[in-house]
>>> print(open('my_file09.txt').read())   # compact mmCIF, C-alpha atoms and all ligand atoms
# COMPACT_ATOMS: atom_id res chain seq x y z
CA MET A 100 46.10 8.60 -23.70
CA THR A 101 45.53 5.33 -21.84
CA THR A 102 43.73 5.96 -18.56
CA PRO A 103 44.70 3.95 -15.42
CA ALA A 104 41.45 1.95 -15.66
CA GLU A 105 42.10 1.11 -19.32
CA ALA A 106 45.68 0.08 -18.50
CA ALA A 107 44.32 -2.31 -15.84
CA ILE A 108 41.76 -3.70 -18.30
CA ARG A 109 44.41 -4.23 -20.97
CA ALA A 110 46.58 -6.08 -18.43
CA GLU A 111 43.58 -8.27 -17.59
CA ILE A 112 43.00 -9.03 -21.30
CA ALA A 113 46.71 -9.84 -21.74
CA ARG A 114 46.41 -12.29 -18.85
CA ARG A 115 43.06 -13.93 -19.62
CA GLY A 116 42.40 -13.28 -23.30
CA SER A 117 39.08 -11.57 -24.11
CA ILE A 118 36.91 -10.73 -21.08
CA PRO A 119 33.10 -10.56 -20.82
CA PHE A 120 31.72 -7.00 -21.16
CA ALA A 121 30.49 -7.36 -17.55
CA ASP A 122 34.09 -7.68 -16.33
CA PHE A 123 35.11 -4.68 -18.45
CA MET A 124 32.26 -2.60 -16.96
CA SER A 125 33.05 -3.75 -13.44
CA MET A 126 36.69 -2.62 -13.82
CA ALA A 127 35.86 0.62 -15.67
CA LEU A 128 33.52 1.65 -12.84
CA GLY A 129 35.02 0.04 -9.78
CA HIS A 130 38.75 -0.53 -10.28
CA ALA A 131 40.70 0.65 -7.25
CA GLU A 132 42.95 2.84 -9.40
CA GLY A 133 41.04 5.05 -11.77
CA GLY A 134 37.60 3.39 -11.71
CA TYR A 135 34.78 5.82 -12.44
CA TYR A 136 33.18 5.33 -9.03
CA THR A 137 36.37 5.08 -6.97
CA ALA A 138 37.84 8.45 -8.03
CA ALA A 139 37.96 11.55 -5.82
CA ALA A 140 35.78 13.56 -8.23
CA ALA A 141 32.09 13.91 -7.31
CA ARG A 142 30.06 12.30 -10.10
CA THR A 143 26.40 12.85 -9.22
CA THR A 144 26.35 16.59 -8.63
CA ARG A 145 25.70 19.70 -10.78
CA GLY A 146 29.45 20.01 -11.38
CA GLY A 147 29.78 16.28 -12.12
CA ASP A 148 28.44 14.06 -14.90
CA PHE A 149 24.77 13.68 -14.00
CA LEU A 150 22.43 14.78 -11.26
CA THR A 151 20.55 12.30 -9.08
CA ALA A 152 17.26 13.11 -7.34
CA PRO A 153 18.81 13.42 -3.84
CA GLU A 154 21.42 15.84 -5.19
CA LEU A 155 18.73 17.79 -7.07
CA HIS A 156 16.83 18.87 -3.95
CA PRO A 157 16.39 17.76 -0.29
CA VAL A 158 12.60 17.70 -0.76
CA PHE A 159 13.13 14.26 -2.38
CA GLY A 160 14.56 12.86 0.87
CA ALA A 161 11.92 14.67 2.91
CA ALA A 162 9.22 12.83 0.94
CA LEU A 163 10.96 9.47 1.40
CA SER A 164 11.23 10.15 5.15
CA ARG A 165 7.44 9.76 5.27
CA GLN A 166 7.77 6.21 3.93
CA LEU A 167 10.37 5.40 6.56
CA ALA A 168 8.18 6.86 9.30
CA GLU A 169 5.22 4.77 8.19
CA ALA A 170 7.31 1.57 8.13
CA TRP A 171 8.62 2.41 11.61
CA GLU A 172 5.06 2.81 12.91
CA ARG A 173 3.93 -0.46 11.31
CA LEU A 174 6.80 -2.30 12.96
CA GLY A 175 5.86 -0.94 16.40
CA ARG A 176 8.44 1.88 16.59
CA PRO A 177 11.62 -0.25 16.99
CA ALA A 178 14.85 1.36 18.19
CA PRO A 179 17.24 1.38 16.55
CA PHE A 180 15.58 1.59 13.15
CA THR A 181 18.42 1.16 10.67
CA LEU A 182 18.57 2.76 7.25
CA LEU A 183 20.87 0.52 5.20
CA GLU A 184 21.66 2.41 2.01
CA TYR A 185 23.42 0.90 -1.01
CA GLY A 186 25.41 3.35 -3.11
CA ALA A 187 25.15 5.94 -0.34
CA GLY A 188 27.51 8.45 -1.98
CA ALA A 189 28.27 11.24 0.49
CA GLY A 190 25.07 10.56 2.44
CA THR A 191 23.01 13.34 0.85
CA LEU A 192 19.81 11.28 0.78
CA ALA A 193 20.10 10.02 4.36
CA LEU A 194 20.73 13.55 5.65
CA ALA A 195 17.67 14.85 3.79
CA ILE A 196 15.62 11.99 5.24
CA LEU A 197 16.80 12.89 8.75
CA ALA A 198 16.00 16.56 8.17
CA GLY A 199 12.57 15.57 6.85
CA LEU A 200 11.86 13.50 9.98
CA ARG A 201 12.94 16.40 12.20
CA ASP A 202 10.78 18.88 10.27
CA ASP A 203 7.81 16.55 10.78
CA GLY A 204 8.62 16.22 14.49
CA SER A 205 8.90 12.41 14.06
CA ARG A 206 10.41 10.51 17.01
CA LEU A 207 12.02 8.23 14.44
CA ALA A 208 14.72 10.91 14.07
CA ASP A 209 16.06 9.79 17.49
CA ALA A 210 15.85 6.06 16.69
CA LEU A 211 17.49 6.26 13.26
CA ALA A 212 20.84 4.54 12.66
CA TYR A 213 22.54 4.79 9.29
CA ALA A 214 24.46 1.95 7.63
CA PRO A 215 25.94 3.21 4.34
CA VAL A 216 27.32 0.80 1.73
CA GLU A 217 29.62 2.78 -0.54
CA LEU A 218 32.57 1.84 -2.71
CA ASN A 219 34.14 5.28 -2.80
CA ARG A 220 36.35 6.07 0.20
CA HIS A 221 36.38 9.81 -0.57
CA ARG A 222 32.57 9.93 -0.44
CA LEU A 223 32.56 7.80 2.72
CA ALA A 224 34.91 10.24 4.45
CA GLU A 225 32.62 13.15 3.51
CA LEU A 226 29.61 11.16 4.65
CA GLY A 227 31.20 10.50 8.05
CA ALA A 228 31.88 14.19 8.64
CA ARG A 229 28.43 15.29 7.46
CA ALA A 230 26.61 12.64 9.51
CA ALA A 231 28.58 13.60 12.64
CA ALA A 232 27.71 17.27 12.11
CA ALA A 233 24.03 16.38 11.74
CA GLY A 234 23.98 14.05 14.76
CA LEU A 235 23.20 10.93 12.70
CA ALA A 236 24.59 7.68 14.16
CA VAL A 237 26.58 5.77 11.52
CA VAL A 238 27.06 2.01 11.89
CA ASP A 239 29.34 -0.22 9.83
CA PRO A 240 27.12 -2.35 7.58
CA ALA A 241 29.82 -5.01 7.27
CA GLY A 242 31.14 -4.93 10.82
CA ALA A 243 31.58 -8.07 12.90
CA ASP A 244 28.40 -7.24 14.78
CA ALA A 245 26.44 -6.69 11.55
CA ALA A 246 23.37 -8.66 12.53
CA PRO A 247 20.35 -8.47 10.21
CA ILE A 248 18.67 -5.12 10.61
CA VAL A 249 15.21 -3.95 11.50
CA GLY A 250 14.59 -0.95 9.32
CA MET A 251 14.72 -0.01 5.68
CA ILE A 252 17.05 -0.95 2.84
CA LEU A 253 17.32 1.74 0.20
CA ALA A 254 19.02 1.73 -3.21
CA ASN A 255 18.69 4.90 -5.29
CA GLU A 256 20.42 4.70 -8.67
CA TYR A 257 22.58 1.86 -7.36
CA LEU A 258 21.50 -1.23 -9.29
CA ASP A 259 21.98 0.47 -12.67
CA ALA A 260 25.68 0.77 -11.81
CA LEU A 261 26.09 -2.98 -11.28
CA PRO A 262 27.77 -4.70 -14.25
CA VAL A 263 25.71 -6.08 -17.13
CA HIS A 264 26.48 -8.88 -19.52
CA LEU A 265 25.98 -7.55 -23.03
CA LEU A 266 24.48 -9.83 -25.68
CA GLU A 267 23.84 -9.62 -29.38
CA VAL A 268 21.54 -11.94 -31.32
CA ARG A 269 23.40 -13.59 -34.23
CA GLY A 270 22.16 -16.53 -36.28
CA GLY A 271 19.06 -16.64 -34.07
CA ARG A 272 21.06 -17.03 -30.81
CA PRO A 273 22.13 -14.48 -28.21
CA LEU A 274 25.93 -14.36 -28.13
CA GLU A 275 27.92 -12.61 -25.43
CA VAL A 276 29.94 -9.48 -26.17
CA ARG A 277 33.52 -9.87 -24.94
CA VAL A 278 36.17 -7.16 -24.88
CA THR A 279 39.58 -7.72 -26.41
CA VAL A 280 42.39 -5.76 -28.09
CA GLY A 281 41.86 -5.53 -31.86
CA PRO A 282 44.54 -5.78 -34.60
CA ASP A 283 44.88 -1.97 -34.57
CA GLY A 284 45.66 -2.01 -30.83
CA ALA A 285 42.33 -0.44 -29.79
CA LEU A 286 39.82 -2.08 -27.44
CA ALA A 287 37.40 -4.10 -29.57
CA GLU A 288 34.41 -6.41 -29.19
CA THR A 289 34.13 -10.09 -30.12
CA LEU A 290 31.14 -12.43 -29.80
CA ASP A 291 31.11 -15.83 -28.14
CA GLU A 292 28.72 -18.24 -26.42
CA PRO A 293 27.49 -16.90 -23.05
CA SER A 294 29.99 -18.22 -20.52
CA ASP A 295 28.18 -17.61 -17.27
CA PRO A 296 25.41 -20.05 -16.23
CA THR A 297 23.48 -17.19 -14.59
CA VAL A 298 23.35 -15.41 -17.97
CA ARG A 299 22.13 -18.55 -19.72
CA ASP A 300 19.54 -18.96 -16.97
CA ARG A 301 18.18 -15.42 -17.47
CA LEU A 302 18.02 -15.97 -21.25
CA GLU A 303 16.05 -19.18 -20.72
CA ARG A 304 13.65 -17.40 -18.37
CA LEU A 305 13.16 -14.62 -20.94
CA ALA A 306 12.03 -17.28 -23.42
CA ARG A 307 9.65 -18.70 -20.80
CA GLU A 308 8.29 -15.18 -20.19
CA GLY A 309 7.30 -15.19 -23.88
CA ILE A 310 9.94 -12.67 -24.98
CA THR A 311 11.19 -13.13 -28.52
CA LEU A 312 14.54 -11.63 -29.43
CA VAL A 313 15.17 -10.58 -33.01
CA GLU A 314 18.24 -10.87 -35.22
CA GLY A 315 20.78 -8.13 -34.54
CA GLN A 316 19.14 -7.11 -31.24
CA ARG A 317 21.43 -6.02 -28.42
CA LEU A 318 20.40 -6.57 -24.82
CA GLU A 319 21.83 -6.55 -21.34
CA VAL A 320 21.29 -8.98 -18.47
CA ARG A 321 22.45 -8.35 -14.91
CA PRO A 322 22.87 -11.45 -12.71
CA ALA A 323 24.50 -9.20 -10.07
CA VAL A 324 20.98 -8.11 -9.12
CA GLU A 325 20.15 -11.66 -8.04
CA ALA A 326 23.23 -11.80 -5.81
CA TRP A 327 22.29 -8.39 -4.39
CA ALA A 328 18.71 -9.53 -3.66
CA ARG A 329 20.03 -12.59 -1.81
CA GLU A 330 22.25 -10.30 0.29
CA VAL A 331 19.29 -8.04 1.03
CA GLY A 332 17.23 -11.09 1.98
CA ARG A 333 19.91 -12.07 4.51
CA ARG A 334 20.37 -8.55 5.86
CA LEU A 335 16.74 -7.63 6.53
CA ALA A 336 15.23 -9.13 9.70
CA ALA A 337 12.11 -6.97 9.38
CA GLY A 338 11.17 -3.87 7.46
CA LEU A 339 11.09 -2.46 3.96
CA VAL A 340 13.22 -2.53 0.81
CA LEU A 341 12.89 0.40 -1.59
CA VAL A 342 14.65 0.39 -4.95
CA LEU A 343 14.52 3.50 -7.13
CA ASP A 344 16.09 3.38 -10.56
CA TYR A 345 15.50 3.68 -14.25
CA GLY A 346 14.18 0.42 -15.53
CA ALA A 347 11.30 -1.39 -17.16
CA PRO A 348 9.52 -4.74 -17.07
CA ALA A 349 11.28 -7.38 -19.19
CA ALA A 350 8.61 -7.30 -21.92
CA ASP A 351 9.31 -3.59 -22.46
CA LEU A 352 13.07 -3.75 -21.88
CA TYR A 353 13.64 -6.53 -24.39
CA GLY A 354 10.78 -5.61 -26.75
CA SER A 355 10.79 -4.08 -30.20
CA ARG A 356 11.24 -0.48 -28.95
CA ARG A 357 14.74 -1.11 -27.66
CA ARG A 358 16.54 -3.25 -30.20
CA ALA A 359 19.82 -1.48 -29.47
CA GLY A 360 19.53 -2.22 -25.74
CA THR A 361 19.76 0.44 -23.03
CA LEU A 362 23.49 0.73 -22.42
CA MET A 363 24.40 4.39 -22.01
CA THR A 364 27.40 6.42 -20.92
CA TYR A 365 27.50 9.82 -19.21
CA ARG A 366 30.26 12.37 -19.03
CA GLY A 367 29.90 16.06 -18.21
CA HIS A 368 26.07 15.83 -18.39
CA ALA A 369 26.31 14.49 -21.99
CA ALA A 370 24.71 11.11 -22.66
CA GLU A 371 26.36 8.98 -25.34
CA GLY A 372 24.96 5.60 -26.32
CA ASP A 373 26.88 4.69 -29.48
CA ALA A 374 28.61 1.30 -29.58
CA GLU A 375 32.09 2.82 -29.08
CA ALA A 376 31.15 5.09 -26.15
CA PRO A 377 32.04 2.63 -23.33
CA TYR A 378 35.58 2.35 -24.72
CA ARG A 379 36.28 6.09 -24.75
CA ASP A 380 38.08 7.61 -21.75
CA VAL A 381 37.61 4.42 -19.73
CA GLY A 382 37.10 5.18 -16.04
CA GLU A 383 36.21 8.80 -16.76
CA ARG A 384 32.62 8.17 -17.88
CA ASP A 385 29.70 6.41 -16.27
CA ILE A 386 28.45 3.23 -17.94
CA THR A 387 24.91 2.24 -17.09
CA ALA A 388 21.93 0.23 -18.30
CA HIS A 389 18.27 0.01 -17.30
CA VAL A 390 17.21 -2.31 -14.49
CA ASP A 391 15.09 -5.33 -15.48
CA ILE A 392 12.16 -4.82 -13.08
CA THR A 393 10.76 -8.30 -13.75
CA ALA A 394 14.07 -9.93 -12.83
CA LEU A 395 14.41 -7.67 -9.77
CA GLY A 396 10.93 -8.62 -8.49
CA ALA A 397 11.64 -12.33 -9.02
CA ALA A 398 15.01 -12.01 -7.28
CA LEU A 399 13.53 -10.25 -4.24
CA ALA A 400 10.72 -12.82 -3.99
CA GLY A 401 13.29 -15.60 -4.47
CA ALA A 402 15.22 -14.15 -1.52
CA GLY A 403 12.15 -14.69 0.67
CA LEU A 404 10.86 -11.11 0.69
CA ASP A 405 7.22 -10.10 0.16
CA LEU A 406 6.75 -8.04 -2.98
CA LEU A 407 4.60 -5.11 -1.88
CA GLY A 408 4.27 -3.26 -5.18
CA GLU A 409 5.80 -1.24 -7.96
CA THR A 410 5.06 2.27 -9.08
CA SER A 411 6.70 5.26 -10.72
CA GLN A 412 8.97 7.52 -8.69
CA ALA A 413 6.56 10.42 -9.33
CA GLU A 414 3.62 8.45 -7.91
CA LEU A 415 5.68 7.35 -4.94
CA LEU A 416 6.60 10.95 -4.14
CA VAL A 417 3.03 12.20 -4.47
CA GLY A 418 1.84 9.31 -2.27
CA CYS A 419 4.43 10.33 0.32
CA GLY A 420 2.99 13.85 0.45
CA LEU A 421 5.29 15.79 -1.87
CA GLU A 422 2.64 18.42 -2.57
CA GLU A 423 2.10 19.27 1.07
CA LEU A 424 5.85 19.31 1.70
CA VAL A 425 6.34 21.77 -1.15
CA GLN A 426 3.58 24.06 0.10
CA ARG A 427 5.01 24.02 3.60
CA ARG A 428 8.49 24.88 2.33
CA GLN A 429 7.29 27.57 -0.03
CA ALA A 430 5.56 29.33 2.83
CA VAL A 431 8.85 29.82 4.67
CA LEU A 432 11.29 30.40 1.79
CA ALA A 433 12.46 34.00 2.01
CA ARG A 434 14.45 34.19 -1.23
CA ALA A 435 12.77 34.07 -4.63
CA SER A 436 15.69 32.02 -6.00
CA ASP A 437 15.09 29.28 -3.40
CA ALA A 438 11.39 29.13 -4.30
CA LEU A 439 12.30 28.91 -7.97
CA GLU A 440 14.83 26.16 -7.30
CA LEU A 441 12.23 24.17 -5.37
CA ARG A 442 9.61 24.56 -8.11
CA SER A 443 12.00 23.53 -10.87
CA ALA A 444 13.20 20.51 -8.83
CA VAL A 445 9.61 19.37 -8.29
CA MET A 446 8.89 19.68 -12.00
CA ARG A 447 11.88 17.45 -12.79
CA LEU A 448 10.96 14.96 -10.07
CA LEU A 449 7.42 14.60 -11.43
CA ASP A 450 8.16 14.77 -15.16
CA PRO A 451 7.54 11.22 -16.45
CA ARG A 452 10.42 11.37 -18.93
CA PRO A 453 13.44 11.90 -16.69
CA LEU A 454 13.32 11.36 -12.93
CA GLY A 455 9.54 10.96 -12.47
CA GLY A 456 9.55 7.95 -14.80
CA PHE A 457 12.03 6.04 -12.65
CA ARG A 458 10.56 2.86 -11.23
CA ALA A 459 10.06 2.35 -7.52
CA VAL A 460 9.93 -1.23 -6.24
CA LEU A 461 8.87 -1.96 -2.66
CA ALA A 462 9.40 -5.27 -0.88
CA GLY A 463 9.34 -6.18 2.78
CA ARG A 464 9.51 -8.70 5.55
CA GLY A 465 7.27 -8.83 8.61
CA ILE A 466 5.48 -5.63 7.67
CA ALA A 467 1.75 -5.27 7.06
CA ALA A 468 0.99 -4.64 3.38
CA GLU A 469 -2.54 -3.33 4.06
CA PRO A 470 -3.66 -0.63 3.96
CA PRO A 471 -1.31 0.13 1.03
CA LEU A 472 1.89 1.86 2.02
CA ARG A 473 1.97 5.61 1.41
CA GLY A 474 4.39 5.24 -1.47
CA LEU A 475 2.00 2.88 -3.24
CA SER A 476 -1.20 4.76 -2.44
CA TYR A 477 -1.29 7.22 -5.35
CA ARG A 478 -1.81 6.51 -9.05
CA MET A 479 -1.59 9.16 -11.74
CA PRO A 480 -4.97 9.45 -13.47
CA GLY A 481 -5.15 6.99 -16.36
CA THR A 482 -2.47 4.59 -15.10
CA ARG A 483 -3.24 0.96 -14.30
CA SER A 484 -2.68 -0.42 -10.85
CA ARG A 485 -0.01 -3.09 -10.67
C1 LIG B 1 24.69 6.83 -9.44
S1 LIG B 1 25.50 6.94 -7.91
C2 LIG B 1 24.11 7.21 -6.83
C3 LIG B 1 24.50 7.80 -5.51
C4 LIG B 1 23.32 8.12 -4.59
N1 LIG B 1 22.56 6.94 -4.26
C5 LIG B 1 22.43 9.16 -5.23
O1 LIG B 1 21.31 8.83 -5.59
O2 LIG B 1 22.86 10.31 -5.34
C6 LIG B 1 25.94 5.27 -7.57
C7 LIG B 1 26.68 5.11 -6.26
O3 LIG B 1 26.90 3.74 -6.02
C8 LIG B 1 28.26 3.54 -5.64
N2 LIG B 1 28.62 2.20 -6.05
C9 LIG B 1 28.73 1.73 -7.31
N3 LIG B 1 29.03 0.43 -7.29
C10 LIG B 1 29.12 0.07 -5.98
C11 LIG B 1 29.40 -1.15 -5.31
N4 LIG B 1 29.67 -2.25 -5.98
N5 LIG B 1 29.37 -1.15 -3.96
C12 LIG B 1 29.08 -0.02 -3.27
N6 LIG B 1 28.82 1.17 -3.86
C13 LIG B 1 28.84 1.21 -5.20
C14 LIG B 1 29.00 4.63 -6.38
O4 LIG B 1 30.27 4.91 -5.83
C15 LIG B 1 28.03 5.79 -6.27
O5 LIG B 1 28.21 6.50 -5.07
>>> encode(input="my_file09.txt", output="structure tokens")
Amino acid sequence: MTTPAEAAIRAEIARRGSIPFADFMSMALGHAEGGYYTAAAARTTRGGDFLTAPELHPVFGAALSRQLAEAWERLGRPAPFTLLEYGAGAGTLALAILAGLRDDGSRLADALAYAPVELNRHRLAELGARAAAAGLAVVDPAGADAAPIVGMILANEYLDALPVHLLEVRGGRPLEVRVTVGPDGALAETLDEPSDPTVRDRLERLAREGITLVEGQRLEVRPAVEAWAREVGRRLAAGLVLVLDYGAPAADLYGSRRRAGTLMTYRGHAAEGDAEAPYRDVGERDITAHVDITALGAALAGAGLDLLGETSQAELLVGCGLEELVQRRQAVLARASDALELRSAVMRLLDPRPLGGFRAVLAGRGIAAEPPLRGLSYRMPGTRSR
């Protein structure tokens, strides 16, 4: 059965001829009718397709609240202090941050304003009701009075959802994967020269970074991150930027370990990464790829922000006091099941393979970098400082 998103994509192909994979991904995820991220169904929960750290347990947000509180102190306790969150979902992370601030008795709880950027109107409606119930002031991030903020810009599992251009090395050159309708009527891939100058630019920079691509290798590049970094650069008057996502430095991402690239799809907690997966039940499954941390750092610096550091999510959480937060919570949890849930969440948050291995990138403007921020203050034994 053709899904509404696939029907829209087929109409686009009929109009334009083949389309870059990035346009296919953008429509599959974000199309107004039937896009994966525009639908009413909740995607990031236990009942959905995958579970994000904020949805796993509020202790994640409580730990991040410590990083916000430190930034607020370093900036001289401004009011309002705005949390601008990209891919805010139903506001679960912001509400856990607010609860964390209140538990710590931080005065920032009273100065906090929340500016959520979210594509999904169903999630935004939920967010509005939940924020009102919690007493969290919500401001429109795109409103006419949307002056640059003083505060923190946060993006948890947001950048991996931005569209990627997919490339395959043929005859020694990276060619771009385009999506078309094959002779049998099914969606199919064709290869052509990269059309977009920003893609060619990233490929040239990869060569300058000393990265050699091999015949048959598949890779993804994501110029949308550069546009996002420029927007962040314009929107932040002073404060911090924190990006949390799965990703790797370019040398690792495009190196010999990942010759098939990192494109992955998720549906019903099942990950499928075969070449046909993106074209199955279009709009009903997530399509995602790792974030190029080298390109992200360069884009943030290019947008005029100071790069403060990069670490793993696990190290960031420990640096923010996760252990003490867990002990404090355990002491007051009455039910054994709640204690068990907390312990199992912490294990998943710290496990270097799934969530703990996520990368955390911190950048800022007008904020003292020394002494190191809490989130950058802890290194797992045996890891190098970056
Ligand atoms: C993987 S979910 C993460 C949600 C939340 N940050 C979390 O960690 O639970 C990605 C979120 O980004 C939103 N999103 C995706 N593309 C977007 C876009 N272009 N603009 C705004 N939101 C977008 C999705 O609707 C979804 O809520």
>>> residues_near_ligand(input="my_file09.txt", ligand="ligand LIG 1 (chain B)", cutoff="7 Å", atoms="all atoms listed in the file", output="PyMOL selection string")
chain A and resi 129+136-137+143+151-154+185-188+191-192+216-219+254-257+260-261
>>> residues_around(input="my_file09.txt", residues="Ala370 of chain A", least_positions_apart="3", cutoff="12 Å", atoms="all atoms listed in the file", output="PyMOL selection string")
chain A and resi 148-149+361-367+373+376-377+384-387
>>> residues_around(input="my_file09.txt", residues="segment 424-435 of chain A", least_positions_apart="5", cutoff="8 Å", atoms="all atoms listed in the file", output="PyMOL selection string")
chain A and resi 158+161-162+441
>>> atom_distance(input="my_file09.txt", atom1="atom CA of Arg358 of chain A", atom2="atom CA of Leu258 of chain A")
21.6 Å
>>> closest_residue(input="my_file09.txt", among="A:Leu266, A:Leu150, A:Ala189, A:Ala369", to="Leu448 of chain A", atoms="all atoms listed in the file")
A:Leu150
>>> atom_distance(input="my_file09.txt", atom1="atom CA of Gly160 of chain A", atom2="atom CA of Arg142 of chain A")
19.0 Å
>>> closest_residue(input="my_file09.txt", among="A:Ala170, A:Ile466, A:Ala285, A:Ile310", to="Arg379 of chain A", atoms="all atoms listed in the file")
A:Ala285
>>> atom_distance(input="my_file09.txt", atom1="atom CA of Val278 of chain A", atom2="atom CA of Glu308 of chain A")
29.4 Å
>>> decode(input="my_file09.txt", residues="segment 390-407 of chain A", atoms="N, CA, C and O atoms", output="JSON list (two decimals), in the first residue's frame")
[["chain", "number", "residue", "atom", "x", "y", "z"],
["A", 390, "VAL", "N", 25.92, 11.95, 13.13],
["A", 390, "VAL", "CA", 26.32, 13.35, 12.95],
["A", 390, "VAL", "C", 27.85, 13.39, 12.79],
["A", 390, "VAL", "O", 28.58, 12.75, 13.55],
["A", 391, "ASP", "N", 28.29, 14.15, 11.79],
["A", 391, "ASP", "CA", 29.73, 14.36, 11.55],
["A", 391, "ASP", "C", 30.19, 15.43, 12.56],
["A", 391, "ASP", "O", 29.92, 16.63, 12.38],
["A", 392, "ILE", "N", 30.87, 14.98, 13.62],
["A", 392, "ILE", "CA", 31.24, 15.89, 14.71],
["A", 392, "ILE", "C", 32.28, 16.91, 14.25],
["A", 392, "ILE", "O", 32.29, 18.06, 14.71],
["A", 393, "THR", "N", 33.14, 16.51, 13.32],
["A", 393, "THR", "CA", 34.14, 17.45, 12.79],
["A", 393, "THR", "C", 33.44, 18.59, 12.05],
["A", 393, "THR", "O", 33.75, 19.76, 12.25],
["A", 394, "ALA", "N", 32.48, 18.22, 11.19],
["A", 394, "ALA", "CA", 31.76, 19.25, 10.43],
["A", 394, "ALA", "C", 30.93, 20.13, 11.37],
["A", 394, "ALA", "O", 30.83, 21.34, 11.17],
["A", 395, "LEU", "N", 30.34, 19.52, 12.41],
["A", 395, "LEU", "CA", 29.54, 20.30, 13.36],
["A", 395, "LEU", "C", 30.41, 21.33, 14.07],
["A", 395, "LEU", "O", 30.03, 22.50, 14.18],
["A", 396, "GLY", "N", 31.59, 20.89, 14.56],
["A", 396, "GLY", "CA", 32.50, 21.82, 15.25],
["A", 396, "GLY", "C", 32.90, 22.96, 14.33],
["A", 396, "GLY", "O", 32.87, 24.14, 14.73],
["A", 397, "ALA", "N", 33.25, 22.63, 13.09],
["A", 397, "ALA", "CA", 33.67, 23.67, 12.13],
["A", 397, "ALA", "C", 32.51, 24.62, 11.85],
["A", 397, "ALA", "O", 32.71, 25.84, 11.74],
["A", 398, "ALA", "N", 31.31, 24.08, 11.77],
["A", 398, "ALA", "CA", 30.14, 24.93, 11.47],
["A", 398, "ALA", "C", 29.84, 25.88, 12.63],
["A", 398, "ALA", "O", 29.54, 27.06, 12.42],
["A", 399, "LEU", "N", 29.94, 25.37, 13.86],
["A", 399, "LEU", "CA", 29.68, 26.23, 15.02],
["A", 399, "LEU", "C", 30.74, 27.32, 15.12],
["A", 399, "LEU", "O", 30.44, 28.49, 15.38],
["A", 400, "ALA", "N", 32.02, 26.94, 14.90],
["A", 400, "ALA", "CA", 33.10, 27.93, 14.94],
["A", 400, "ALA", "C", 32.91, 28.94, 13.80],
["A", 400, "ALA", "O", 33.08, 30.15, 14.00],
["A", 401, "GLY", "N", 32.51, 28.43, 12.63],
["A", 401, "GLY", "CA", 32.27, 29.31, 11.47],
["A", 401, "GLY", "C", 31.14, 30.29, 11.73],
["A", 401, "GLY", "O", 31.07, 31.34, 11.11],
["A", 402, "ALA", "N", 30.23, 29.91, 12.63],
["A", 402, "ALA", "CA", 29.10, 30.80, 12.96],
["A", 402, "ALA", "C", 29.48, 31.78, 14.07],
["A", 402, "ALA", "O", 28.62, 32.48, 14.61],
["A", 403, "GLY", "N", 30.77, 31.82, 14.42],
["A", 403, "GLY", "CA", 31.25, 32.81, 15.38],
["A", 403, "GLY", "C", 31.13, 32.38, 16.83],
["A", 403, "GLY", "O", 31.28, 33.20, 17.74],
["A", 404, "LEU", "N", 30.89, 31.08, 17.07],
["A", 404, "LEU", "CA", 30.79, 30.61, 18.46],
["A", 404, "LEU", "C", 32.13, 30.05, 18.93],
["A", 404, "LEU", "O", 32.95, 29.60, 18.11],
["A", 405, "ASP", "N", 32.37, 30.09, 20.23],
["A", 405, "ASP", "CA", 33.60, 29.50, 20.78],
["A", 405, "ASP", "C", 33.34, 28.02, 21.01],
["A", 405, "ASP", "O", 32.36, 27.66, 21.69],
["A", 406, "LEU", "N", 34.22, 27.19, 20.49],
["A", 406, "LEU", "CA", 34.08, 25.74, 20.75],
["A", 406, "LEU", "C", 34.66, 25.48, 22.13],
["A", 406, "LEU", "O", 35.84, 25.73, 22.38],
["A", 407, "LEU", "N", 33.84, 24.97, 23.04],
["A", 407, "LEU", "CA", 34.29, 24.78, 24.42],
["A", 407, "LEU", "C", 34.80, 23.37, 24.68],
["A", 407, "LEU", "O", 35.63, 23.15, 25.54]]
